[in-house]
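Enquirer: Quick one: this structure, given as structure tokens, is what I'll be asking you about.
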Amino acid sequence: MNPIESPLLQSLNPEQLVAVTYPSNQSLLVLAGAGSGKTRVLTSRIIWLLSTGQSVPQNILAVTFTNKAAKEMRSRIESALPYPIQDMWLGTFHSLCHRILRRYHEAAQLQKNFQIIDTQDQLSIIKRILKNSATVDNSITPKELANYINNNKEQGYRSDSPFLTAHNRYYLLNPYYEIYEQICRRENLVDFTELLLRCVETLKNNTLLQESLQHRFQHILVDEFQDTNDLQYQWLKLITGNNTSIFAVGDDDQSIYSFRGANVKNMQYLIRDFKITQPIKLEQNYRSTQIILDAANELIARNTDRIGKTLKSTQQQGELIKYNRAYSELEEGQFVLDEIKSRHRNGEPYYSMAVLYRNNAQSRAIEQSLFNANIPYKVYGGLRFYEREEVKHALAYLRLLVNPEDDHSLLRVINFPNRGIGPKSIENLQTKAQEIKGSLWHALLQEKSKNKNLASFYQIISDLHKQINQLSFPDLINELIHASGLIDYYQQKKGDFQNKIYNLHELVNATYSFDYQDIEQIFSDQSKSISAEEKIIAFLSNASLEAGERNAKNTNEHSDYVQLMTVHSAKGLEFDTVFLIAMEEGLFPSEYSLNSHDGLEEERRLMYVATTRAKKNLYLSSVYERYHQGRKNLALQSRFINEIPEHLIHYLSPKDNTPLVSNSLQNKKNTVSFKSPKDEPYALGIMVKHPSFGVGVIINRQAKAHSYLLTINFGQHGIKTLDSGFAKLETI
DNA sequence: CTCTAAGAGATTTTT
DNA sequence: TCTCTTAGAG
């Protein structure tokens with residue numbers, strides 16, 4: 001069949017068609033706007049390469065950021081092709097690096113049974129380091145140290161890198177970075193960023209390995225390219241050979257992860273490094289109405305650092321964006337609730353409506369309203385399956401079976417459940433371990449004869465160890481959760497721990513459904529069969545790399561529910577109706593971003609992402625008074641509201657930005673919420689005018705001898721602290 | 001060891 | 001306000 005006549009290509013628009021059928025030996029960057037069929041283009045490209053015989057699965061590598069995206073791509077491709085594609089490398093950056101490290105662990109200078117630690121584990125190792133260090137420096141928080149380590153790794157810097165000295169806390173922090181590296185090496189542990197860094201270093205040091213990968217991968221496809229960090233880009237360049245072409249899809253306007261290292265500049269570098277003459281723009285949007293897109297286009301056009309594109313809708317003009325400014329969170333909740341109810345009465349299912357917010361904390365008030373009104377809803381966020389306490393305990397036992405050097409796991413479970421091994425015994429063990437220059441487990445082997453509690457812990461682990469090859473994997477885990485005492489512990493502990501017990505049994509179930517095909521991908525030594533130990537290692541790696549479903553709070557057992565989530569987690573999703581709440585200066589844009597150009601632009605991109613989630617109806621909502629971090633805050637409406645042209649908005653409340661009075665107070669005379677300026681100048685909530693900052697609201701006040709120290713929210717000009725004695729303020 | 005009380009700190013999140 | 005951590009008492 002002529003590929004051009006194939007149904008695959010017929011359904012593409014002209015730009016998509018150009019991208020999908022771009023010469024297979026050239027690299028390309030596709031700037032795919034929101035809702036422009038990005039995933040479609042990516043999968044179609046792969047299908048096109050394969051079905052026209054220009055490539056075979058073996059020679060293709062496709063990389064995504066999330067497991068969900070990888071799975072989605074795999075299933076779309078497989079359903080379009082008559083043959084399986086297990087020879088194709090398709091996965092997240094982390095899982096692909098993991099695969100390389102397992103296969104070439106010797107070149108990577110890792111032991112075969114190395115374990116992957118997640119963010120939680122990393123933080124607790126860091127806490128242990130800080131606690132054990134003689135220096136008492138309270139100025140270092142574990143989080144700061146974790147950031148220092150991760151940021152440096154993302155730049156490719158080890159603790160001995162000369163570039164590190166540029167950091168202004170180098171002398172304080174770096175010794176701990178060094179200790180952290182030693183500990184990970186000794187305990188055979190690899191953190192998330194290490195997967196990438198170690199892989200990059202291994203490729204750099206092993207030309208043969210690098211060349212063989214470069215030779216294998218003739219086509220590299222990258223999803224969400226704007227989210228790549230420096231290390232990931234380095235990795236891509238290392239596996240790209242002279243005969244490799246890159247096909248990258250991304251949207252600089254949707255780059256919202258710079259806080260975790262994503263570097264949009266990689267898009268420019270890609271164009272430069274791979275001699276891309278003309279990126280292809282996908283501006284046809286299949287999702288939203290033109291009104292919504294007009295608003296999004298106008299908003300994002302204010303950003304200076306962008307490649308630039310304008311979305312066009314395939315849909316009708318649609319309805320105006322509705323904007324409501326309420327007095328309090330309570331009234332905001334009521335507003336959203338009323339609209340949801342009325343939409344639902346008119347036949348719109350709950351699941352097509354979403355409430356989005358900048359910060360998780362803002363879900364509370366809305367939840368309250370929905371809960372009281374008995375509307376089913378689901379809040380996204382919270383712990384994932386493999387991140388839960390009880391599951392992590394069980395996994396720590398399992399880790400110890402395959403990697404006895406893992407002090408971190410040993411410390412987690414040696415006295416959980418309680419077996420009378422207190423801080424003193426642990427300290428003794430640590431001293432012993434230092435003496436023999438070995439792991440805690442080795443110290444335990446020597447000390448167990450002197451301490452019956454240590455002996456009983458040893459017995460549990462060694463009994464389980466003996467059964468690795470005797471029992472089936474599920475039976476082994478089942479034995480583990482009982483022999484460790486975990487099940488008994490949660491059964492006997494007062495309170496309701498049924499859920500934890502359930503999760504432990506669920507862990508046993510997970511071993512049944514674990515995909516053993518994946519193991520073969522990792523341990524590719526076809527000559528022998530997979531050992532029980534390898535199975536465990538693969539299972540544990542998978543648990544870290546793919547932590548499972550989020551623990552969505554679901555108050556009702558309905559399947560039809562309103563969805564509540566942050567704007568970040570809504571990226572990639574779409575809803576008929578979107579409520580974007582808490583549109584206030586200081587919240588959205590976040591106060592942390594107000595002082596920097598880049599920060600503000602990222603907030604604006606976030607607003608762009610939020611806006612383009614809506615297919616048909618977009619509601620914006622702000623509030624005059626909101627409790628935030630325990631204090632009452634008075635805020636102006638978000639500048640982003642002002643950046644949307646007025647003609648696109650249907651104002652449900654007065655258009656001006658004046659302080660509102662609560663509906664409940666309006667009818668009661670004498671109960672005005674604020675005193676008038678005459679009674680008390682500079683009272684909270686008063687609007688003032690400043691010669692250069694313009695109009696603002698007083699949000700905090702501190703009395704001084706003859707004046708006040710005022711915190712004023714000037715909206716566009718940010719939040720300022722001024723002395724009423726000096727500043728030329730006019731009350732209005 | 002476990003429970004309680006006081007104190008500090010408080011975006012966004014995937015792997 | 002709420003949540004997490006730590007210190008101290010029982």
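Chains: A, B, ... in order of the structure tokens. Residues: from 1 per chain. Ligands: from 1, in order shown.
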Could you list, as a PDB file with C-alpha atoms (C1' of nucleotides), in the first residue's frame, the residues of chain B having an atom within 12 Å of chain A when counting only C-alpha atoms (C1' of nucleotides)?
Expert:
ATOM      1  C1'  DC B   1       9.544   2.437  74.013  1.00  0.00           C
ATOM      2  C1'  DT B   2       5.431   5.202  73.405  1.00  0.00           C
ATOM      3  C1'  DG B   9       7.815  25.683  58.489  1.00  0.00           C
ATOM      4  C1'  DA B  10       4.730  25.892  54.742  1.00  0.00           C
ATOM      5  C1'  DT B  11       4.863  25.775  45.936  1.00  0.00           C
ATOM      6  C1'  DT B  12       4.528  23.022  41.900  1.00  0.00           C
ATOM      7  C1'  DT B  13       6.218  16.643  40.994  1.00  0.00           C
ATOM      8  C1'  DT B  14       8.245  12.444  38.250  1.00  0.00           C
ATOM      9  C1'  DT B  15      11.526   9.049  38.314  1.00  0.00           C
TER      10       DT B  15
END
Enquirer: Which parts of segment 138-385 of chain A does DSSP call alpha helix (DSSP H) when run on the backbone here, written out as JSON, numbers by chain?
Expert: {"A": [142, 143, 144, 145, 146, 147, 148, 149, 150, 151, 152, 153, 154, 155, 170, 171, 172, 173, 174, 175, 176, 177, 178, 179, 180, 181, 182, 183, 184, 185, 186, 187, 192, 193, 194, 195, 196, 197, 198, 199, 200, 201, 202, 203, 204, 205, 207, 208, 209, 210, 211, 212, 213, 214, 215, 216, 230, 231, 232, 233, 234, 235, 236, 237, 238, 239, 265, 266, 267, 268, 269, 270, 271, 272, 273, 290, 291, 292, 293, 294, 295, 296, 297, 298, 299, 300, 329, 330, 331, 332, 333, 334, 335, 336, 337, 338, 339, 340, 341, 342, 343, 344, 345, 363, 364, 365, 366, 367, 368, 369, 370, 371, 372]}
Enquirer: From the list A:Val562, A:Cys199, A:Ala538, A:Leu464, which residue is nearest Asn374 of chain A when using only C-alpha atoms?
Expert: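 Checking each candidate against Asn374 of chain A, we get A:Val562 as the closest.
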Enquirer: Would you mind listing, for every residue of chain C within 12 Å of chain A, the two atoms forming the shortest contact and the distance between them in Å to one decimal, using only C-alpha atoms (C1' of nucleotides), sorted by chain and ascending residue number, as a Markdown table?
Expert:
| residue | atom | partner | partner_atom | distance |
| --- | --- | --- | --- | --- |
| C:DT1 | C1' | A:Gly630 | CA | 4.3 |
| C:DC2 | C1' | A:Gly630 | CA | 8.1 |
| C:DT3 | C1' | A:Gln629 | CA | 11.2 |
| C:DT5 | C1' | A:Lys127 | CA | 11.8 |
Enquirer: For a test of reading the model, state the distance in Å between atom CA of Ala107 of chain A and atom CA of Tyr233 of chain A, rounded to one decimal.
Expert: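 Between these atoms lies a distance of 21.4 Å.
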